[in-house]
>>> print(open('upload20.txt').read())   # compact mmCIF, C-alpha atoms
# COMPACT_ATOMS: atom_id res chain seq x y z
CA MET F 1 -35.01 21.63 30.59
CA THR F 2 -36.74 19.97 27.66
CA THR F 3 -36.57 16.28 26.98
CA PRO F 4 -35.81 15.13 23.43
CA ASP F 5 -38.66 13.80 21.37
CA PRO F 6 -38.40 9.98 21.40
CA ALA F 7 -39.44 9.83 17.75
CA LEU F 8 -36.76 12.32 16.68
CA GLN F 9 -34.15 10.56 18.79
CA ALA F 10 -35.05 7.21 17.24
CA SER F 11 -34.83 8.75 13.77
CA ALA F 12 -31.40 10.23 14.52
CA ASP F 13 -30.18 6.89 15.88
CA ALA F 14 -31.39 5.19 12.72
CA VAL F 15 -29.57 7.71 10.52
CA ASN F 16 -26.36 7.26 12.50
CA ALA F 17 -26.69 3.49 12.25
CA VAL F 18 -27.11 3.70 8.49
CA ALA F 19 -24.10 6.01 8.22
CA ARG F 20 -21.99 3.58 10.23
CA LEU F 21 -23.22 0.70 8.09
CA ARG F 22 -22.42 2.53 4.86
CA PHE F 23 -18.92 3.50 5.91
CA GLY F 24 -18.10 0.49 8.02
CA TRP F 25 -15.71 -2.03 6.49
CA LEU F 26 -16.17 -5.76 6.32
CA TRP F 27 -13.20 -7.86 7.37
CA PRO F 28 -11.93 -8.55 3.80
CA ALA F 29 -11.74 -4.80 3.14
CA LYS F 30 -10.07 -4.18 6.50
CA THR F 31 -7.54 -6.90 5.74
CA GLY F 32 -6.77 -5.31 2.37
CA PHE F 33 -6.34 -1.83 3.84
CA VAL F 34 -4.07 -3.07 6.62
CA PHE F 35 -2.01 -5.21 4.24
CA ALA F 36 -1.54 -2.64 1.45
CA GLY F 37 -1.60 0.48 3.62
CA VAL F 38 0.43 -0.64 6.63
CA VAL F 39 2.07 -4.07 6.36
CA LEU F 40 3.60 -3.64 2.90
CA PRO F 41 5.13 -0.21 3.65
CA ILE F 42 6.62 -1.52 6.89
CA CYS F 43 8.12 -4.53 5.11
CA CYS F 44 9.52 -2.39 2.29
CA PHE F 45 11.17 0.13 4.58
CA ALA F 46 12.43 -2.58 6.91
CA LEU F 47 14.17 -4.27 3.97
CA GLY F 48 15.32 -1.08 2.25
CA PHE F 49 16.83 -1.51 -1.18
CA PRO F 50 18.60 -4.91 -1.17
CA GLU F 51 21.50 -4.00 -3.47
CA SER F 52 24.05 -1.24 -3.03
CA PRO F 53 25.68 0.52 -6.02
CA THR F 54 29.31 -0.41 -6.54
CA TRP F 55 30.62 2.76 -8.20
CA GLN F 56 29.73 6.29 -9.30
CA SER F 57 28.25 5.41 -12.66
CA GLY F 58 26.17 8.61 -12.84
CA SER F 59 23.08 6.58 -13.72
CA VAL F 60 19.77 7.77 -12.32
CA SER F 61 19.21 4.24 -11.02
CA VAL F 62 22.18 4.63 -8.66
CA TYR F 63 20.70 7.75 -7.09
CA ALA F 64 17.30 6.05 -6.77
CA GLN F 65 18.85 2.99 -5.12
CA LEU F 66 20.68 5.13 -2.57
CA LEU F 67 17.54 7.15 -1.82
CA LEU F 68 15.68 3.93 -1.01
CA ARG F 69 18.27 2.75 1.49
CA HIS F 70 17.69 3.14 5.22
CA LYS F 71 20.01 6.04 5.98
CA SER F 72 18.82 8.26 3.14
CA SER F 73 15.09 7.60 3.60
CA SER F 74 15.04 7.85 7.41
CA PRO F 75 13.98 11.58 7.42
CA LEU F 76 10.71 10.43 5.82
CA TYR F 77 9.86 7.92 8.56
CA PRO F 78 7.74 10.33 10.67
CA PHE F 79 5.56 11.04 7.64
CA LEU F 80 5.22 7.34 6.88
CA ILE F 81 4.13 6.63 10.45
CA TYR F 82 1.60 9.47 10.20
CA HIS F 83 0.12 7.98 7.01
CA MET F 84 -0.15 4.50 8.48
CA VAL F 85 -1.71 5.61 11.77
CA CYS F 86 -4.37 7.59 9.87
CA MET F 87 -5.06 4.59 7.64
CA LEU F 88 -5.59 2.38 10.69
CA LEU F 89 -7.90 4.92 12.32
CA LEU F 90 -10.09 5.21 9.23
CA THR F 91 -10.08 1.45 8.76
CA PHE F 92 -11.18 0.43 12.26
CA ARG F 93 -12.95 3.56 13.60
CA PRO F 94 -14.21 5.41 10.50
CA GLU F 95 -17.39 6.78 12.09
CA ARG F 96 -15.30 8.54 14.75
CA TYR F 97 -12.33 9.85 12.76
CA VAL F 98 -13.71 10.56 9.29
CA LYS F 99 -14.81 14.02 10.45
CA LYS F 100 -11.30 14.94 11.60
CA PHE F 101 -9.33 16.76 8.92
CA VAL F 102 -5.94 15.86 10.41
CA VAL F 103 -6.77 12.16 10.00
CA ARG F 104 -8.17 12.52 6.49
CA PHE F 105 -5.17 14.59 5.45
CA GLY F 106 -2.84 11.82 6.61
CA VAL F 107 -4.53 9.52 4.11
CA TYR F 108 -4.70 12.14 1.34
CA SER F 109 -0.98 12.85 1.64
CA GLY F 110 -0.24 9.13 1.74
CA VAL F 111 -1.16 8.99 -1.95
CA LEU F 112 1.64 11.45 -2.74
CA THR F 113 4.22 9.55 -0.71
CA ALA F 114 3.28 6.23 -2.34
CA LEU F 115 3.50 7.86 -5.78
CA VAL F 116 6.99 9.22 -5.06
CA TYR F 117 8.24 5.81 -3.94
CA TRP F 118 6.58 4.11 -6.91
CA VAL F 119 8.57 6.39 -9.23
CA LEU F 120 11.79 5.92 -7.23
CA LEU F 121 11.51 2.13 -7.29
CA GLY F 122 10.80 2.28 -11.02
CA LEU F 123 13.93 4.35 -11.60
CA THR F 124 16.05 1.62 -10.04
CA PHE F 125 15.24 -0.46 -13.13
CA ALA F 126 16.94 2.13 -15.35
CA GLU F 127 20.37 0.54 -15.00
CA GLY F 128 21.66 0.36 -18.57
CA LEU F 129 18.48 2.02 -19.84
CA SER F 130 17.17 5.55 -20.02
CA ALA F 131 15.21 6.77 -17.00
CA ALA F 132 12.00 6.85 -19.05
CA ALA F 133 12.51 3.30 -20.36
CA GLY F 134 13.26 1.84 -16.92
CA LEU F 135 10.37 3.64 -15.28
CA GLY F 136 7.98 2.71 -18.08
CA PHE F 137 8.99 -0.96 -17.90
CA TYR F 138 8.46 -1.07 -14.15
CA MET F 139 5.10 0.69 -14.30
CA ALA F 140 3.90 -1.61 -17.08
CA VAL F 141 4.91 -4.71 -15.09
CA THR F 142 3.23 -3.52 -11.89
CA PHE F 143 0.06 -2.46 -13.73
CA ALA F 144 -0.18 -5.77 -15.58
CA SER F 145 0.50 -7.83 -12.43
CA THR F 146 -2.10 -5.88 -10.48
CA ALA F 147 -4.69 -6.24 -13.24
CA VAL F 148 -4.14 -10.01 -13.41
CA LEU F 149 -4.33 -10.42 -9.63
CA LEU F 150 -7.48 -8.30 -9.40
CA SER F 151 -9.11 -10.29 -12.21
CA VAL F 152 -8.26 -13.59 -10.54
CA GLY F 153 -9.45 -12.26 -7.18
CA VAL F 154 -12.79 -11.09 -8.58
CA LEU F 155 -13.26 -14.45 -10.33
CA MET F 156 -12.45 -16.37 -7.15
CA VAL F 157 -14.87 -14.28 -5.10
CA ALA F 158 -17.62 -14.85 -7.66
CA ILE F 159 -17.00 -18.61 -7.66
CA LEU F 160 -16.93 -18.82 -3.87
CA ARG F 161 -20.13 -16.76 -3.66
CA LYS F 162 -21.87 -19.15 -6.04
CA ILE F 163 -20.68 -22.13 -4.02
CA HIS F 164 -21.84 -20.45 -0.81
CA GLU F 165 -25.31 -19.96 -2.28
CA THR F 166 -25.62 -23.72 -2.77
CA GLY F 167 -25.35 -24.25 0.99
CA LEU F 168 -22.58 -26.80 0.43
CA PHE F 169 -19.58 -24.51 0.92
CA ALA F 170 -17.69 -26.74 3.36
CA GLN F 171 -18.55 -29.91 1.44
CA ILE F 172 -17.18 -28.49 -1.84
CA VAL F 173 -14.32 -26.18 -0.87
CA GLY F 174 -12.83 -28.56 1.72
CA PRO F 175 -12.25 -31.48 -0.68
CA LEU F 176 -10.99 -29.10 -3.41
CA LEU F 177 -8.37 -27.66 -1.04
CA ALA F 178 -7.35 -31.16 0.04
CA ILE F 179 -6.98 -32.29 -3.59
CA GLY F 180 -4.97 -29.18 -4.48
CA PHE F 181 -2.67 -29.66 -1.48
CA LEU F 182 -2.15 -33.33 -2.42
CA LEU F 183 -1.37 -32.53 -6.06
CA LEU F 184 1.16 -29.82 -5.17
CA SER F 185 2.81 -32.17 -2.67
CA VAL F 186 3.08 -34.91 -5.31
CA VAL F 187 4.57 -32.45 -7.84
CA GLY F 188 7.09 -31.20 -5.28
CA MET F 189 8.07 -34.72 -4.30
CA GLY F 190 8.37 -35.87 -7.89
CA LEU F 191 10.36 -32.92 -9.25
CA PHE F 192 12.38 -31.75 -6.25
CA GLY F 193 12.25 -34.61 -3.77
CA ASN F 194 10.50 -32.42 -1.19
CA PRO F 195 6.69 -32.22 -0.89
CA LEU F 196 6.84 -28.69 0.55
CA ILE F 197 9.11 -27.10 -2.04
CA VAL F 198 6.22 -26.04 -4.31
CA PHE F 199 4.48 -24.28 -1.43
CA ILE F 200 7.73 -22.50 -0.54
CA MET F 201 8.10 -21.39 -4.16
CA ILE F 202 4.52 -20.10 -4.24
CA VAL F 203 5.02 -18.14 -1.02
CA GLY F 204 8.31 -16.73 -2.32
CA LEU F 205 6.76 -15.71 -5.62
CA ALA F 206 3.82 -14.07 -3.87
CA GLY F 207 6.14 -12.22 -1.51
CA SER F 208 8.36 -10.98 -4.32
CA CYS F 209 5.39 -9.82 -6.37
CA SER F 210 3.95 -8.03 -3.34
CA LEU F 211 7.20 -6.16 -2.67
CA ILE F 212 7.68 -5.17 -6.31
CA CYS F 213 4.09 -3.94 -6.64
CA ALA F 214 3.93 -2.53 -3.10
CA PRO F 215 4.10 1.21 -3.95
CA LEU F 216 1.33 0.89 -6.56
CA TRP F 217 -0.88 -1.16 -4.25
CA THR F 218 -0.28 1.27 -1.41
CA MET F 219 -1.10 4.23 -3.64
CA MET F 220 -4.34 2.56 -4.79
CA CYS F 221 -5.23 1.73 -1.19
CA TYR F 222 -4.71 5.30 0.04
CA GLY F 223 -6.44 6.71 -3.03
CA PHE F 224 -9.54 4.58 -2.47
CA MET F 225 -9.64 5.43 1.22
CA SER F 226 -9.18 9.15 0.42
CA ILE F 227 -12.15 9.17 -1.96
CA HIS F 228 -14.30 7.26 0.50
CA ALA F 229 -13.31 9.49 3.42
CA LEU F 230 -14.02 12.62 1.40
CA ARG F 231 -17.46 11.35 0.45
CA HIS F 232 -18.36 10.61 4.08
CA SER F 233 -16.65 13.55 5.76
CA GLY F 234 -19.80 15.66 5.76
CA VAL F 235 -18.02 18.66 4.21
CA GLU F 236 -18.32 20.07 0.72
CA ARG F 237 -15.63 18.90 -1.63
CA PHE F 238 -12.63 21.16 -2.11
CA ARG F 239 -13.76 23.41 0.76
CA PHE F 240 -11.38 23.97 3.64
CA SER F 241 -10.80 26.47 6.40
CA LEU F 242 -7.82 28.80 6.77
CA ALA F 243 -6.49 26.66 9.62
CA GLN F 244 -6.65 23.57 7.43
CA LEU F 245 -4.89 25.42 4.59
CA MET F 246 -2.10 26.58 6.90
CA GLY F 247 -1.78 23.09 8.35
CA GLY F 248 -1.49 21.59 4.87
CA LEU F 249 1.13 24.13 3.81
CA THR F 250 3.11 23.52 7.01
CA TRP F 251 3.04 19.78 6.38
CA PHE F 252 4.17 20.29 2.78
CA ALA F 253 7.07 22.53 3.87
CA ALA F 254 8.21 19.95 6.41
CA TYR F 255 7.78 17.20 3.80
CA MET F 256 9.99 19.00 1.28
CA ALA F 257 12.57 19.73 3.99
CA ALA F 258 12.68 16.01 4.85
CA TRP F 259 13.28 15.16 1.20
CA ARG F 260 16.02 17.78 1.03
CA VAL F 261 17.80 16.11 3.96
CA ALA F 262 17.27 12.69 2.35
CA VAL F 263 18.82 13.88 -0.92
CA ASP F 264 21.80 15.42 0.93
CA TRP F 265 22.44 12.16 2.78
CA MET F 266 22.08 10.24 -0.47
CA LEU F 267 24.72 12.45 -2.11
CA GLU F 268 27.04 11.86 0.84
CA GLU F 269 26.69 8.10 0.34
CA TYR F 270 27.22 8.52 -3.39
CA ALA F 271 30.44 10.43 -2.80
CA LYS F 272 31.81 7.48 -0.83
CA LEU F 273 31.53 5.13 -3.82
CA PRO F 274 34.57 4.44 -6.04
CA THR F 275 34.80 6.68 -9.08
CA GLU F 276 35.70 3.75 -11.35
CA MET F 277 34.22 0.29 -11.78
CA TYR F 278 36.54 -2.50 -10.73
CA GLY F 279 36.55 -5.99 -12.09
>>> encode(input="upload20.txt", output="structure tokens")
Amino acid sequence: MTTPDPALQASADAVNAVARLRFGWLWPAKTGFVFAGVVLPICCFALGFPESPTWQSGSVSVYAQLLLRHKSSSPLYPFLIYHMVCMLLLTFRPERYVKKFVVRFGVYSGVLTALVYWVLLGLTFAEGLSAAAGLGFYMAVTFASTAVLLSVGVLMVAILRKIHETGLFAQIVGPLLAIGFLLLSVVGMGLFGNPLIVFIMIVGLAGSCSLICAPLWTMMCYGFMSIHALRHSGVERFRFSLAQLMGGLTWFAAYMAAWRVAVDWMLEEYAKLPTEMYG
């Protein structure tokens, strides 16, 4: 039995350490992946679509609204859980699970699911409009909101990094936060008679924006993780085994069957609506 060369072993350990460092996520990235890839989908599917159609108008928005409700979308829940579990595994244990195709595929396919729900939510805005107009309006709003938020986020990170380099982070940021809190409290007290009302409005606005943009953010999150996982998987791009191909085709068949059941249940709910609008 031969003993491994200490020099070679040390070199291999160094390579593995570098690989873990390159693929490992810092806590802000982990927070973003968990929020956009797990928390937002859970919140959206827990809420469902808040409004229910009142009659059989025949509009595409009515069908989209019914598809987003709990009963119709429940056949897709196993796939959603699969996506989220794979996202968590690649977020917190990437060096262990990035080599596993079944985990990477869960993230790859998550992009498709997020895209489908992005389109469905956009179609709900087509009430009184054409499907293309409603979908285009929704996509434009979500793209613009995301671009603004990303720009503000990048600017804030750059400012905080500059402040951190001065070595006076706590001395500068602390008083600024205190002043901002005081000003918002004064505005709330002066305009609404409650010092906390402005904070409640900000939280409500942020929550509403997050839910409206959730499918796009989730799709971007899974897309970024898919690219990163593919780069660090150690396999050549667009190369897969027969077993992986068969597994992917099986998943796709089950996925389409789940959507077929969801559409059937949606049509059942649609048939229960009045055929004429009252009032």
>>> residues_around(input="upload20.txt", residues="F:Gly134", least_positions_apart="6", cutoff="12 Å", atoms="all atoms listed in the file", output="list in words")
Ser59, Val60, Ser61, Ala64, Val119, Leu120, Leu121, Gly122, Leu123, Thr124, Phe125, Ala126, Glu127, Gly128, Ala140 and Val141 of chain F
>>> residues_around(input="upload20.txt", residues="F:Thr146", least_positions_apart="6", cutoff="12 Å", atoms="only C-alpha atoms", output="tab-separated table (two decimals) with C-alpha atoms, in the coordinates of the input")
chain	number	residue	atom	x	y	z
F	139	MET	CA	5.10	0.69	-14.30
F	140	ALA	CA	3.90	-1.61	-17.08
F	152	VAL	CA	-8.26	-13.59	-10.54
F	153	GLY	CA	-9.45	-12.26	-7.18
F	209	CYS	CA	5.39	-9.82	-6.37
F	210	SER	CA	3.95	-8.03	-3.34
F	212	ILE	CA	7.68	-5.17	-6.31
F	213	CYS	CA	4.09	-3.94	-6.64
F	214	ALA	CA	3.93	-2.53	-3.10
F	215	PRO	CA	4.10	1.21	-3.95
F	216	LEU	CA	1.33	0.89	-6.56
F	217	TRP	CA	-0.88	-1.16	-4.25
F	218	THR	CA	-0.28	1.27	-1.41
F	220	MET	CA	-4.34	2.56	-4.79
>>> residues_around(input="upload20.txt", residues="F:Ala254", least_positions_apart="5", cutoff="12 Å", atoms="all atoms listed in the file", output="list in words")
Pro75, Leu76, Pro78, Phe79, Gly247, Gly248, Leu249, Trp259, Arg260 and Val261 of chain F
>>> residues_around(input="upload20.txt", residues="F:Leu184", least_positions_apart="3", cutoff="8 Å", atoms="all atoms listed in the file", output="MDAnalysis selection string")
chainID F and resid 180:181 187:188 195 198:199
>>> residues_around(input="upload20.txt", residues="F:Pro41", least_positions_apart="2", cutoff="12 Å", atoms="all atoms listed in the file", output="PyMOL selection string")
chain F and resi 33-39+43-48+77+79-81+83-84+87+110+113-114+117-118+210-219+221-222
>>> closest_residue(input="upload20.txt", among="F:Phe101, F:Lys71, F:Arg93, F:Gly136", to="F:Arg239", atoms="only C-alpha atoms")
F:Phe101
>>> atom_distance(input="upload20.txt", atom1="atom CA of F:Leu160", atom2="atom CA of F:Ala29")
16.5 Å
>>> atom_distance(input="upload20.txt", atom1="atom CA of F:Arg69", atom2="atom CA of F:Phe49")
5.2 Å
>>> closest_residue(input="upload20.txt", among="F:Val235, F:Leu66, F:Leu90, F:Gly167", to="F:Ser52", atoms="all atoms listed in the file")
F:Leu66
>>> closest_residue(input="upload20.txt", among="F:Leu112, F:Met201, F:Ala178, F:Val103", to="F:Tyr255", atoms="all atoms listed in the file")
F:Leu112
>>> atom_distance(input="upload20.txt", atom1="atom CA of F:Tyr82", atom2="atom CA of F:Tyr97")
14.2 Å
>>> closest_residue(input="upload20.txt", among="F:Phe105, F:Ala262, F:Ile227, F:Tyr63", to="F:Phe240", atoms="only C-alpha atoms")
F:Phe105
>>> decode(input="upload20.txt", residues="stretch 267-279 of chain F", atoms="N, CA and C atoms", output="CSV table (one decimal), in the first residue's frame")
chain,number,residue,atom,x,y,z
F,267,LEU,N,-60.6,24.9,-16.0
F,267,LEU,CA,-61.8,24.9,-16.8
F,267,LEU,C,-63.0,24.5,-16.0
F,268,GLU,N,-62.8,23.6,-15.0
F,268,GLU,CA,-64.0,23.2,-14.1
F,268,GLU,C,-64.4,24.4,-13.3
F,269,GLU,N,-63.4,25.2,-12.8
F,269,GLU,CA,-63.7,26.4,-12.0
F,269,GLU,C,-64.4,27.4,-12.9
F,270,TYR,N,-63.9,27.5,-14.1
F,270,TYR,CA,-64.5,28.5,-15.1
F,270,TYR,C,-65.9,28.2,-15.4
F,271,ALA,N,-66.2,26.9,-15.5
F,271,ALA,CA,-67.6,26.5,-15.8
F,271,ALA,C,-68.6,26.8,-14.7
F,272,LYS,N,-68.1,27.0,-13.5
F,272,LYS,CA,-68.9,27.3,-12.3
F,272,LYS,C,-69.3,28.8,-12.3
F,273,LEU,N,-68.6,29.6,-13.1
F,273,LEU,CA,-68.9,31.1,-13.0
F,273,LEU,C,-70.2,31.4,-13.8
F,274,PRO,N,-70.9,32.5,-13.4
F,274,PRO,CA,-72.1,32.9,-14.1
F,274,PRO,C,-71.8,33.2,-15.6
F,275,THR,N,-72.7,33.0,-16.5
F,275,THR,CA,-72.4,33.2,-17.9
F,275,THR,C,-72.7,34.7,-18.2
F,276,GLU,N,-73.3,35.4,-17.3
F,276,GLU,CA,-73.6,36.8,-17.6
F,276,GLU,C,-73.1,37.7,-16.4
F,277,MET,N,-72.7,38.9,-16.7
F,277,MET,CA,-72.2,39.8,-15.6
F,277,MET,C,-73.4,40.5,-15.0
F,278,TYR,N,-73.4,40.4,-13.7
F,278,TYR,CA,-74.6,41.0,-12.9
F,278,TYR,C,-74.1,42.4,-12.4
F,279,GLY,N,-75.0,43.2,-12.2
F,279,GLY,CA,-74.7,44.5,-11.6
F,279,GLY,C,-74.2,45.5,-12.6
